[in-house]
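Colleague: I'd like to ask some things about the structure below.
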Amino acid sequence: AQSVSQHNHHVILSEAASLELGCNYSYGGTVNLFWYVQYPGQHLQLLLKYFSGDPLVKGIKGFEAEFIKSKFSFNLRKPSVQWSDTAEYFCASLNQAGTALIFGKGTTLSVSS
Amino acid sequence: DAMVIQNPRYQVTQFGKPVTLSCSQTLNHNVMYWYQQKSSQAPKLLFHYYDKDFNNEADTPDNFQSRRPNTSFCFLDIRSPGLGDAAMYLCATSREGTGDYEQYFGPGTRLTVT
């Protein structure tokens, strides 16, 4: 079965630190990958997505992710985090049938000012 | 703003007492999804509607049912909630046929079973 793994359960950073959240997916065919963010008390929002083309994807709020096919990875990065980036981050892959998202367990990011 | 709305945001029900969660959307998307998210776990798809066609995930318990009376509304019915059904229930929508697989989520309904 397809799966998505997020390596970090809880990440704690100071403001201005660089961020990298790991994500690995299991499906070896055509991939559609997403990073969603959930700020405290808010709904899941799309940060960025990759379907094809340039493996370095830029999203909102200064986030980017790199698709590395050979490593089955889609890690999320931000060069300098802000306190307002405190949130839960979910990596997801579209299933083979194209009907549902398969989510990782999420990473909680806490940024101290 | 176009959006996905879920009501109520918090729902408390008694063990075995049927409960209905609602979702509405103003995005005019043809696909609507229901996910279950338990504490510290990934959201898990229960079922989805592609237009009027209902698609149940193989491991979704029979206790969970859904209705979509029109494009805008979708309901999640839990016929006999158990303690294990306490979770956040997320509704999402997408527009199929455009090649854009992005799903738009509502704020969720947190269900407590006493």
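So you can find residues: chains in the structure tokens are A, B, ... in the order shown, residues in each start at 1, and ligands are numbered from 1 in order.
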Based on the backbone DSSP call, show me all residues of range 13-103 of chain A assigned strand (DSSP E or B), as a ChimeraX atom specification.
Modeller: /A:13-14,19-21,23-25,33-38,45-50,56-58,64-68,73-78,87-94,101-103
Colleague: With a cut-off of 7 Å and counting only C-alpha atoms, select all residues of chain A in contact with chain B and give the selection as number ranges by chain.
Modeller: A: 42-44, 100, 103-106
Colleague: With a distance cut-off of 8 Å and only C-alpha atoms, select the neighbouring residues of Asp85 in chain A, excluding the residue or stretch itself and same-chain residues fewer than 5 positions from it, and output the selection as a list in words.
Modeller: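 Answer for this query is Tyr39, Leu109, Ser110 and Val111 of chain A.
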Colleague: Give me a file of those residues, with N, CA and C atoms, as an mmCIF file, in the first residue's frame.
Modeller:
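Final output, result_14.cif:
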```cif
data_model
loop_
_atom_site.group_PDB
_atom_site.id
_atom_site.type_symbol
_atom_site.label_atom_id
_atom_site.label_comp_id
_atom_site.auth_asym_id
_atom_site.auth_seq_id
_atom_site.Cartn_x
_atom_site.Cartn_y
_atom_site.Cartn_z
ATOM 1 N N TYR A 39 -2.259 25.934 10.625
ATOM 2 C CA TYR A 39 -1.954 26.845 11.713
ATOM 3 C C TYR A 39 -2.925 26.583 12.863
ATOM 4 N N LEU A 109 5.810 22.090 14.103
ATOM 5 C CA LEU A 109 6.922 23.044 14.136
ATOM 6 C C LEU A 109 6.603 24.117 15.171
ATOM 7 N N SER A 110 7.502 24.286 16.111
ATOM 8 C CA SER A 110 7.381 25.356 17.102
ATOM 9 C C SER A 110 8.547 26.310 16.906
ATOM 10 N N VAL A 111 8.232 27.584 16.676
ATOM 11 C CA VAL A 111 9.273 28.598 16.468
ATOM 12 C C VAL A 111 9.208 29.582 17.624
#
```
Colleague: Just the residues within 9 Å of His29 in chain B, please, counting only C-alpha atoms, with nothing from its chain fewer than 3 positions along; format it as a PyMOL selection string.
Modeller: chain B and resi 25-26+32+51+71-72+93-96
Colleague: Which residues are close to range 92-99 of chain A, i.e. within 7 Å by only C-alpha atoms, leaving aside same-chain residues fewer than 2 positions away? Reply as a list in words.
Modeller: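 My list of contacting residues is Val4, Val31, Asn32, Leu33, Phe34, Trp35, Phe90, Leu101, Ile102, Phe103 and Gly104 of chain A.
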Colleague: In Å, rounded to a single decimal, give me how far CA of Thr86 in chain A is from CA of Glu64 in chain A.
Modeller: 16.4 Å
Colleague: Which residues come within 10 Å of range 62-69 of chain B, counting only C-alpha atoms, excluding same-chain residues fewer than 3 positions away, as a PDB file with all heavy atoms, in the first residue's frame?
Modeller:
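Result went into around-v2.pdb, see below:
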```pdb
ATOM      1  N   PRO B  18     -26.807   8.230  17.354  1.00  0.00           N
ATOM      2  CA  PRO B  18     -26.449   8.684  16.002  1.00  0.00           C
ATOM      3  C   PRO B  18     -26.107  10.172  15.963  1.00  0.00           C
ATOM      4  O   PRO B  18     -26.701  10.989  16.675  1.00  0.00           O
ATOM      5  CB  PRO B  18     -27.712   8.403  15.187  1.00  0.00           C
ATOM      6  CG  PRO B  18     -28.443   7.359  15.956  1.00  0.00           C
ATOM      7  CD  PRO B  18     -28.141   7.605  17.395  1.00  0.00           C
ATOM      8  N   THR B  20     -24.779  13.405  13.097  1.00  0.00           N
ATOM      9  CA  THR B  20     -24.551  13.843  11.721  1.00  0.00           C
ATOM     10  C   THR B  20     -23.677  15.081  11.719  1.00  0.00           C
ATOM     11  O   THR B  20     -23.939  16.038  12.442  1.00  0.00           O
ATOM     12  CB  THR B  20     -25.878  14.159  11.011  1.00  0.00           C
ATOM     13  OG1 THR B  20     -26.644  12.948  10.893  1.00  0.00           O
ATOM     14  CG2 THR B  20     -25.631  14.723   9.625  1.00  0.00           C
ATOM     15  N   LEU B  21     -22.649  15.041  10.890  1.00  0.00           N
ATOM     16  CA  LEU B  21     -21.773  16.190  10.686  1.00  0.00           C
ATOM     17  C   LEU B  21     -22.038  16.723   9.285  1.00  0.00           C
ATOM     18  O   LEU B  21     -22.273  15.946   8.357  1.00  0.00           O
ATOM     19  CB  LEU B  21     -20.310  15.778  10.826  1.00  0.00           C
ATOM     20  CG  LEU B  21     -19.941  14.988  12.093  1.00  0.00           C
ATOM     21  CD1 LEU B  21     -18.438  14.696  12.104  1.00  0.00           C
ATOM     22  CD2 LEU B  21     -20.377  15.703  13.354  1.00  0.00           C
ATOM     23  N   SER B  22     -21.971  18.039   9.141  1.00  0.00           N
ATOM     24  CA  SER B  22     -22.291  18.607   7.842  1.00  0.00           C
ATOM     25  C   SER B  22     -21.126  19.387   7.251  1.00  0.00           C
ATOM     26  O   SER B  22     -20.270  19.903   7.973  1.00  0.00           O
ATOM     27  CB  SER B  22     -23.524  19.498   7.941  1.00  0.00           C
ATOM     28  OG  SER B  22     -23.184  20.726   8.546  1.00  0.00           O
ATOM     29  N   CYS B  23     -21.153  19.444   5.933  1.00  0.00           N
ATOM     30  CA  CYS B  23     -20.135  20.166   5.190  1.00  0.00           C
ATOM     31  C   CYS B  23     -20.803  20.857   4.013  1.00  0.00           C
ATOM     32  O   CYS B  23     -21.648  20.246   3.326  1.00  0.00           O
ATOM     33  CB  CYS B  23     -19.069  19.194   4.685  1.00  0.00           C
ATOM     34  SG  CYS B  23     -17.812  19.949   3.643  1.00  0.00           S
ATOM     35  N   SER B  24     -20.460  22.091   3.795  1.00  0.00           N
ATOM     36  CA  SER B  24     -20.962  22.788   2.619  1.00  0.00           C
ATOM     37  C   SER B  24     -19.807  23.517   1.946  1.00  0.00           C
ATOM     38  O   SER B  24     -18.801  23.834   2.579  1.00  0.00           O
ATOM     39  CB  SER B  24     -22.068  23.774   2.999  1.00  0.00           C
ATOM     40  OG  SER B  24     -21.564  24.789   3.842  1.00  0.00           O
ATOM     41  N   MET B  32     -16.241  15.743  -3.278  1.00  0.00           N
ATOM     42  CA  MET B  32     -16.209  16.052  -1.843  1.00  0.00           C
ATOM     43  C   MET B  32     -15.732  14.816  -1.091  1.00  0.00           C
ATOM     44  O   MET B  32     -16.090  13.695  -1.432  1.00  0.00           O
ATOM     45  CB  MET B  32     -17.586  16.492  -1.341  1.00  0.00           C
ATOM     46  CG  MET B  32     -18.038  17.807  -1.969  1.00  0.00           C
ATOM     47  SD  MET B  32     -19.561  18.462  -1.283  1.00  0.00           S
ATOM     48  CE  MET B  32     -18.990  19.138   0.298  1.00  0.00           C
ATOM     49  N   TYR B  33     -14.922  15.069  -0.073  1.00  0.00           N
ATOM     50  CA  TYR B  33     -14.259  14.002   0.666  1.00  0.00           C
ATOM     51  C   TYR B  33     -14.552  14.141   2.160  1.00  0.00           C
ATOM     52  O   TYR B  33     -14.700  15.250   2.674  1.00  0.00           O
ATOM     53  CB  TYR B  33     -12.733  14.093   0.517  1.00  0.00           C
ATOM     54  CG  TYR B  33     -12.198  14.185  -0.886  1.00  0.00           C
ATOM     55  CD1 TYR B  33     -12.193  15.402  -1.569  1.00  0.00           C
ATOM     56  CD2 TYR B  33     -11.649  13.076  -1.514  1.00  0.00           C
ATOM     57  CE1 TYR B  33     -11.679  15.498  -2.857  1.00  0.00           C
ATOM     58  CE2 TYR B  33     -11.128  13.167  -2.795  1.00  0.00           C
ATOM     59  CZ  TYR B  33     -11.142  14.371  -3.454  1.00  0.00           C
ATOM     60  OH  TYR B  33     -10.628  14.461  -4.718  1.00  0.00           O
ATOM     61  N   TRP B  34     -14.534  13.013   2.839  1.00  0.00           N
ATOM     62  CA  TRP B  34     -14.543  13.003   4.301  1.00  0.00           C
ATOM     63  C   TRP B  34     -13.310  12.228   4.784  1.00  0.00           C
ATOM     64  O   TRP B  34     -13.080  11.092   4.376  1.00  0.00           O
ATOM     65  CB  TRP B  34     -15.790  12.329   4.868  1.00  0.00           C
ATOM     66  CG  TRP B  34     -17.000  13.204   4.892  1.00  0.00           C
ATOM     67  CD1 TRP B  34     -18.071  13.168   4.043  1.00  0.00           C
ATOM     68  CD2 TRP B  34     -17.279  14.255   5.819  1.00  0.00           C
ATOM     69  NE1 TRP B  34     -18.992  14.127   4.389  1.00  0.00           N
ATOM     70  CE2 TRP B  34     -18.537  14.819   5.480  1.00  0.00           C
ATOM     71  CE3 TRP B  34     -16.592  14.797   6.923  1.00  0.00           C
ATOM     72  CZ2 TRP B  34     -19.115  15.863   6.193  1.00  0.00           C
ATOM     73  CZ3 TRP B  34     -17.171  15.835   7.627  1.00  0.00           C
ATOM     74  CH2 TRP B  34     -18.424  16.358   7.260  1.00  0.00           C
ATOM     75  N   LEU B  46     -12.203   8.449   4.470  1.00  0.00           N
ATOM     76  CA  LEU B  46     -13.318   7.529   4.731  1.00  0.00           C
ATOM     77  C   LEU B  46     -14.051   7.193   3.431  1.00  0.00           C
ATOM     78  O   LEU B  46     -14.305   6.036   3.115  1.00  0.00           O
ATOM     79  CB  LEU B  46     -14.307   8.163   5.715  1.00  0.00           C
ATOM     80  CG  LEU B  46     -13.796   8.414   7.129  1.00  0.00           C
ATOM     81  CD1 LEU B  46     -14.812   9.208   7.936  1.00  0.00           C
ATOM     82  CD2 LEU B  46     -13.468   7.101   7.827  1.00  0.00           C
ATOM     83  N   PHE B  47     -14.411   8.229   2.691  1.00  0.00           N
ATOM     84  CA  PHE B  47     -15.107   8.069   1.417  1.00  0.00           C
ATOM     85  C   PHE B  47     -15.107   9.395   0.690  1.00  0.00           C
ATOM     86  O   PHE B  47     -14.743  10.433   1.248  1.00  0.00           O
ATOM     87  CB  PHE B  47     -16.557   7.566   1.574  1.00  0.00           C
ATOM     88  CG  PHE B  47     -17.247   7.900   2.871  1.00  0.00           C
ATOM     89  CD1 PHE B  47     -17.420   9.203   3.286  1.00  0.00           C
ATOM     90  CD2 PHE B  47     -17.729   6.878   3.682  1.00  0.00           C
ATOM     91  CE1 PHE B  47     -18.057   9.493   4.479  1.00  0.00           C
ATOM     92  CE2 PHE B  47     -18.371   7.150   4.870  1.00  0.00           C
ATOM     93  CZ  PHE B  47     -18.534   8.460   5.273  1.00  0.00           C
ATOM     94  N   HIS B  48     -15.527   9.332  -0.576  1.00  0.00           N
ATOM     95  CA  HIS B  48     -15.671  10.570  -1.319  1.00  0.00           C
ATOM     96  C   HIS B  48     -16.791  10.437  -2.339  1.00  0.00           C
ATOM     97  O   HIS B  48     -17.181   9.323  -2.711  1.00  0.00           O
ATOM     98  CB  HIS B  48     -14.355  10.979  -1.992  1.00  0.00           C
ATOM     99  CG  HIS B  48     -13.983  10.146  -3.195  1.00  0.00           C
ATOM    100  ND1 HIS B  48     -13.376   8.922  -3.100  1.00  0.00           N
ATOM    101  CD2 HIS B  48     -14.130  10.398  -4.524  1.00  0.00           C
ATOM    102  CE1 HIS B  48     -13.154   8.443  -4.303  1.00  0.00           C
ATOM    103  NE2 HIS B  48     -13.594   9.309  -5.188  1.00  0.00           N
ATOM    104  N   TYR B  49     -17.315  11.577  -2.728  1.00  0.00           N
ATOM    105  CA  TYR B  49     -18.313  11.656  -3.782  1.00  0.00           C
ATOM    106  C   TYR B  49     -17.677  12.295  -5.001  1.00  0.00           C
ATOM    107  O   TYR B  49     -17.099  13.367  -4.925  1.00  0.00           O
ATOM    108  CB  TYR B  49     -19.504  12.532  -3.350  1.00  0.00           C
ATOM    109  CG  TYR B  49     -20.580  11.803  -2.600  1.00  0.00           C
ATOM    110  CD1 TYR B  49     -20.591  11.777  -1.211  1.00  0.00           C
ATOM    111  CD2 TYR B  49     -21.601  11.151  -3.280  1.00  0.00           C
ATOM    112  CE1 TYR B  49     -21.590  11.111  -0.517  1.00  0.00           C
ATOM    113  CE2 TYR B  49     -22.618  10.488  -2.594  1.00  0.00           C
ATOM    114  CZ  TYR B  49     -22.594  10.477  -1.209  1.00  0.00           C
ATOM    115  OH  TYR B  49     -23.582   9.824  -0.521  1.00  0.00           O
ATOM    116  N   ASP B  51     -19.128  13.804  -8.045  1.00  0.00           N
ATOM    117  CA  ASP B  51     -20.492  14.201  -8.397  1.00  0.00           C
ATOM    118  C   ASP B  51     -21.448  13.438  -7.475  1.00  0.00           C
ATOM    119  O   ASP B  51     -21.353  13.548  -6.266  1.00  0.00           O
ATOM    120  CB  ASP B  51     -20.778  13.953  -9.866  1.00  0.00           C
ATOM    121  CG  ASP B  51     -19.932  14.826 -10.772  1.00  0.00           C
ATOM    122  OD1 ASP B  51     -19.769  16.023 -10.448  1.00  0.00           O
ATOM    123  OD2 ASP B  51     -19.429  14.336 -11.799  1.00  0.00           O
ATOM    124  N   LYS B  52     -22.339  12.634  -8.022  1.00  0.00           N
ATOM    125  CA  LYS B  52     -23.273  11.892  -7.179  1.00  0.00           C
ATOM    126  C   LYS B  52     -22.799  10.477  -6.880  1.00  0.00           C
ATOM    127  O   LYS B  52     -23.458   9.728  -6.147  1.00  0.00           O
ATOM    128  CB  LYS B  52     -24.653  11.838  -7.851  1.00  0.00           C
ATOM    129  CG  LYS B  52     -25.317  13.186  -7.985  1.00  0.00           C
ATOM    130  CD  LYS B  52     -26.700  13.046  -8.610  1.00  0.00           C
ATOM    131  CE  LYS B  52     -27.394  14.401  -8.714  1.00  0.00           C
ATOM    132  NZ  LYS B  52     -28.745  14.285  -9.322  1.00  0.00           N
ATOM    133  N   ASP B  53     -21.678  10.111  -7.462  1.00  0.00           N
ATOM    134  CA  ASP B  53     -21.181   8.749  -7.271  1.00  0.00           C
ATOM    135  C   ASP B  53     -20.425   8.631  -5.953  1.00  0.00           C
ATOM    136  O   ASP B  53     -19.433   9.324  -5.728  1.00  0.00           O
ATOM    137  CB  ASP B  53     -20.255   8.365  -8.427  1.00  0.00           C
ATOM    138  CG  ASP B  53     -20.981   8.264  -9.741  1.00  0.00           C
ATOM    139  OD1 ASP B  53     -22.195   7.963  -9.719  1.00  0.00           O
ATOM    140  OD2 ASP B  53     -20.352   8.480 -10.784  1.00  0.00           O
ATOM    141  N   PHE B  54     -20.894   7.715  -5.129  1.00  0.00           N
ATOM    142  CA  PHE B  54     -20.309   7.494  -3.812  1.00  0.00           C
ATOM    143  C   PHE B  54     -19.198   6.455  -3.907  1.00  0.00           C
ATOM    144  O   PHE B  54     -19.377   5.404  -4.522  1.00  0.00           O
ATOM    145  CB  PHE B  54     -21.391   7.009  -2.847  1.00  0.00           C
ATOM    146  CG  PHE B  54     -20.897   6.689  -1.470  1.00  0.00           C
ATOM    147  CD1 PHE B  54     -20.473   7.701  -0.633  1.00  0.00           C
ATOM    148  CD2 PHE B  54     -20.837   5.381  -1.018  1.00  0.00           C
ATOM    149  CE1 PHE B  54     -20.022   7.418   0.646  1.00  0.00           C
ATOM    150  CE2 PHE B  54     -20.396   5.080   0.260  1.00  0.00           C
ATOM    151  CZ  PHE B  54     -19.982   6.110   1.092  1.00  0.00           C
ATOM    152  N   ASN B  55     -18.054   6.769  -3.311  1.00  0.00           N
ATOM    153  CA  ASN B  55     -16.912   5.856  -3.335  1.00  0.00           C
ATOM    154  C   ASN B  55     -16.430   5.633  -1.909  1.00  0.00           C
ATOM    155  O   ASN B  55     -15.882   6.535  -1.275  1.00  0.00           O
ATOM    156  CB  ASN B  55     -15.787   6.461  -4.173  1.00  0.00           C
ATOM    157  CG  ASN B  55     -16.189   6.662  -5.610  1.00  0.00           C
ATOM    158  OD1 ASN B  55     -16.054   5.781  -6.429  1.00  0.00           O
ATOM    159  ND2 ASN B  55     -16.706   7.844  -5.900  1.00  0.00           N
ATOM    160  N   ASN B  56     -16.619   4.414  -1.449  1.00  0.00           N
ATOM    161  CA  ASN B  56     -16.277   4.075  -0.076  1.00  0.00           C
ATOM    162  C   ASN B  56     -14.884   3.446  -0.037  1.00  0.00           C
ATOM    163  O   ASN B  56     -14.554   2.622  -0.899  1.00  0.00           O
ATOM    164  CB  ASN B  56     -17.305   3.074   0.445  1.00  0.00           C
ATOM    165  CG  ASN B  56     -17.341   2.997   1.944  1.00  0.00           C
ATOM    166  OD1 ASN B  56     -17.047   3.967   2.631  1.00  0.00           O
ATOM    167  ND2 ASN B  56     -17.682   1.841   2.469  1.00  0.00           N
ATOM    168  N   ASP B  59     -11.703  -0.009   3.900  1.00  0.00           N
ATOM    169  CA  ASP B  59     -11.622  -0.246   5.342  1.00  0.00           C
ATOM    170  C   ASP B  59     -12.475   0.713   6.160  1.00  0.00           C
ATOM    171  O   ASP B  59     -12.315   0.791   7.380  1.00  0.00           O
ATOM    172  CB  ASP B  59     -10.165  -0.204   5.799  1.00  0.00           C
ATOM    173  CG  ASP B  59      -9.477   1.094   5.411  1.00  0.00           C
ATOM    174  OD1 ASP B  59     -10.106   1.915   4.715  1.00  0.00           O
ATOM    175  OD2 ASP B  59      -8.311   1.279   5.794  1.00  0.00           O
ATOM    176  N   SER B  72     -23.492  21.265  -3.285  1.00  0.00           N
ATOM    177  CA  SER B  72     -22.919  22.093  -2.230  1.00  0.00           C
ATOM    178  C   SER B  72     -22.788  21.407  -0.879  1.00  0.00           C
ATOM    179  O   SER B  72     -21.972  21.814  -0.062  1.00  0.00           O
ATOM    180  CB  SER B  72     -23.760  23.366  -2.057  1.00  0.00           C
ATOM    181  OG  SER B  72     -23.815  24.105  -3.253  1.00  0.00           O
ATOM    182  N   PHE B  73     -23.608  20.420  -0.620  1.00  0.00           N
ATOM    183  CA  PHE B  73     -23.668  19.850   0.726  1.00  0.00           C
ATOM    184  C   PHE B  73     -23.269  18.382   0.746  1.00  0.00           C
ATOM    185  O   PHE B  73     -23.597  17.629  -0.169  1.00  0.00           O
ATOM    186  CB  PHE B  73     -25.081  19.978   1.305  1.00  0.00           C
ATOM    187  CG  PHE B  73     -25.425  21.365   1.754  1.00  0.00           C
ATOM    188  CD1 PHE B  73     -25.933  22.285   0.850  1.00  0.00           C
ATOM    189  CD2 PHE B  73     -25.215  21.757   3.065  1.00  0.00           C
ATOM    190  CE1 PHE B  73     -26.238  23.576   1.250  1.00  0.00           C
ATOM    191  CE2 PHE B  73     -25.521  23.037   3.477  1.00  0.00           C
ATOM    192  CZ  PHE B  73     -26.043  23.949   2.574  1.00  0.00           C
ATOM    193  N   CYS B  74     -22.634  18.001   1.848  1.00  0.00           N
ATOM    194  CA  CYS B  74     -22.319  16.599   2.058  1.00  0.00           C
ATOM    195  C   CYS B  74     -22.388  16.338   3.560  1.00  0.00           C
ATOM    196  O   CYS B  74     -21.938  17.174   4.363  1.00  0.00           O
ATOM    197  CB  CYS B  74     -20.921  16.288   1.535  1.00  0.00           C
ATOM    198  SG  CYS B  74     -20.570  14.531   1.376  1.00  0.00           S
ATOM    199  N   PHE B  75     -22.961  15.191   3.935  1.00  0.00           N
ATOM    200  CA  PHE B  75     -23.148  14.868   5.340  1.00  0.00           C
ATOM    201  C   PHE B  75     -22.421  13.574   5.679  1.00  0.00           C
ATOM    202  O   PHE B  75     -22.337  12.671   4.860  1.00  0.00           O
ATOM    203  CB  PHE B  75     -24.635  14.704   5.668  1.00  0.00           C
ATOM    204  CG  PHE B  75     -25.444  15.957   5.415  1.00  0.00           C
ATOM    205  CD1 PHE B  75     -26.163  16.102   4.239  1.00  0.00           C
ATOM    206  CD2 PHE B  75     -25.468  16.981   6.341  1.00  0.00           C
ATOM    207  CE1 PHE B  75     -26.900  17.246   3.990  1.00  0.00           C
ATOM    208  CE2 PHE B  75     -26.205  18.135   6.107  1.00  0.00           C
ATOM    209  CZ  PHE B  75     -26.917  18.263   4.923  1.00  0.00           C
ATOM    210  N   LEU B  76     -21.918  13.538   6.891  1.00  0.00           N
ATOM    211  CA  LEU B  76     -21.325  12.317   7.443  1.00  0.00           C
ATOM    212  C   LEU B  76     -22.223  11.851   8.580  1.00  0.00           C
ATOM    213  O   LEU B  76     -22.449  12.596   9.540  1.00  0.00           O
ATOM    214  CB  LEU B  76     -19.917  12.593   7.948  1.00  0.00           C
ATOM    215  CG  LEU B  76     -19.241  11.496   8.765  1.00  0.00           C
ATOM    216  CD1 LEU B  76     -19.072  10.233   7.939  1.00  0.00           C
ATOM    217  CD2 LEU B  76     -17.885  11.965   9.282  1.00  0.00           C
ATOM    218  N   ASP B  77     -22.754  10.650   8.449  1.00  0.00           N
ATOM    219  CA  ASP B  77     -23.607  10.070   9.477  1.00  0.00           C
ATOM    220  C   ASP B  77     -22.850   8.951  10.172  1.00  0.00           C
ATOM    221  O   ASP B  77     -22.349   8.035   9.510  1.00  0.00           O
ATOM    222  CB  ASP B  77     -24.894   9.495   8.855  1.00  0.00           C
ATOM    223  CG  ASP B  77     -25.713  10.536   8.125  1.00  0.00           C
ATOM    224  OD1 ASP B  77     -25.987  11.589   8.735  1.00  0.00           O
ATOM    225  OD2 ASP B  77     -26.058  10.306   6.948  1.00  0.00           O
ATOM    226  N   ILE B  78     -22.822   9.012  11.482  1.00  0.00           N
ATOM    227  CA  ILE B  78     -22.255   7.916  12.266  1.00  0.00           C
ATOM    228  C   ILE B  78     -23.412   7.281  13.012  1.00  0.00           C
ATOM    229  O   ILE B  78     -24.019   7.914  13.885  1.00  0.00           O
ATOM    230  CB  ILE B  78     -21.159   8.408  13.237  1.00  0.00           C
ATOM    231  CG1 ILE B  78     -20.123   9.233  12.479  1.00  0.00           C
ATOM    232  CG2 ILE B  78     -20.486   7.199  13.901  1.00  0.00           C
ATOM    233  CD1 ILE B  78     -19.041   9.832  13.365  1.00  0.00           C
ATOM    234  N   ARG B  79     -23.730   6.075  12.643  1.00  0.00           N
ATOM    235  CA  ARG B  79     -24.986   5.464  13.103  1.00  0.00           C
ATOM    236  C   ARG B  79     -24.948   5.110  14.585  1.00  0.00           C
ATOM    237  O   ARG B  79     -25.936   5.303  15.302  1.00  0.00           O
ATOM    238  CB  ARG B  79     -25.287   4.220  12.282  1.00  0.00           C
ATOM    239  CG  ARG B  79     -25.621   4.538  10.829  1.00  0.00           C
ATOM    240  CD  ARG B  79     -26.171   3.356  10.098  1.00  0.00           C
ATOM    241  NE  ARG B  79     -25.206   2.256  10.041  1.00  0.00           N
ATOM    242  CZ  ARG B  79     -25.410   1.150   9.352  1.00  0.00           C
ATOM    243  NH1 ARG B  79     -26.536   0.972   8.681  1.00  0.00           N
ATOM    244  NH2 ARG B  79     -24.505   0.198   9.341  1.00  0.00           N
ATOM    245  N   SER B  80     -23.856   4.590  15.047  1.00  0.00           N
ATOM    246  CA  SER B  80     -23.742   4.192  16.443  1.00  0.00           C
ATOM    247  C   SER B  80     -22.312   4.471  16.899  1.00  0.00           C
ATOM    248  O   SER B  80     -21.460   3.576  16.891  1.00  0.00           O
ATOM    249  CB  SER B  80     -24.079   2.708  16.600  1.00  0.00           C
ATOM    250  OG  SER B  80     -24.008   2.318  17.961  1.00  0.00           O
ATOM    251  N   PRO B  81     -22.067   5.713  17.276  1.00  0.00           N
ATOM    252  CA  PRO B  81     -20.682   6.088  17.605  1.00  0.00           C
ATOM    253  C   PRO B  81     -20.131   5.301  18.780  1.00  0.00           C
ATOM    254  O   PRO B  81     -20.814   5.116  19.800  1.00  0.00           O
ATOM    255  CB  PRO B  81     -20.791   7.578  17.944  1.00  0.00           C
ATOM    256  CG  PRO B  81     -22.084   8.029  17.359  1.00  0.00           C
ATOM    257  CD  PRO B  81     -22.986   6.837  17.386  1.00  0.00           C
ATOM    258  N   GLY B  82     -18.910   4.855  18.607  1.00  0.00           N
ATOM    259  CA  GLY B  82     -18.190   4.238  19.702  1.00  0.00           C
ATOM    260  C   GLY B  82     -17.094   5.164  20.188  1.00  0.00           C
ATOM    261  O   GLY B  82     -16.801   6.184  19.560  1.00  0.00           O
ATOM    262  N   ASP B  85     -14.454   6.278  17.832  1.00  0.00           N
ATOM    263  CA  ASP B  85     -14.780   7.189  16.730  1.00  0.00           C
ATOM    264  C   ASP B  85     -14.521   8.639  17.077  1.00  0.00           C
ATOM    265  O   ASP B  85     -14.703   9.526  16.237  1.00  0.00           O
ATOM    266  CB  ASP B  85     -16.260   7.021  16.336  1.00  0.00           C
ATOM    267  CG  ASP B  85     -16.551   5.624  15.807  1.00  0.00           C
ATOM    268  OD1 ASP B  85     -15.641   5.030  15.172  1.00  0.00           O
ATOM    269  OD2 ASP B  85     -17.673   5.116  16.036  1.00  0.00           O
TER     270      ASP B  85
END
```
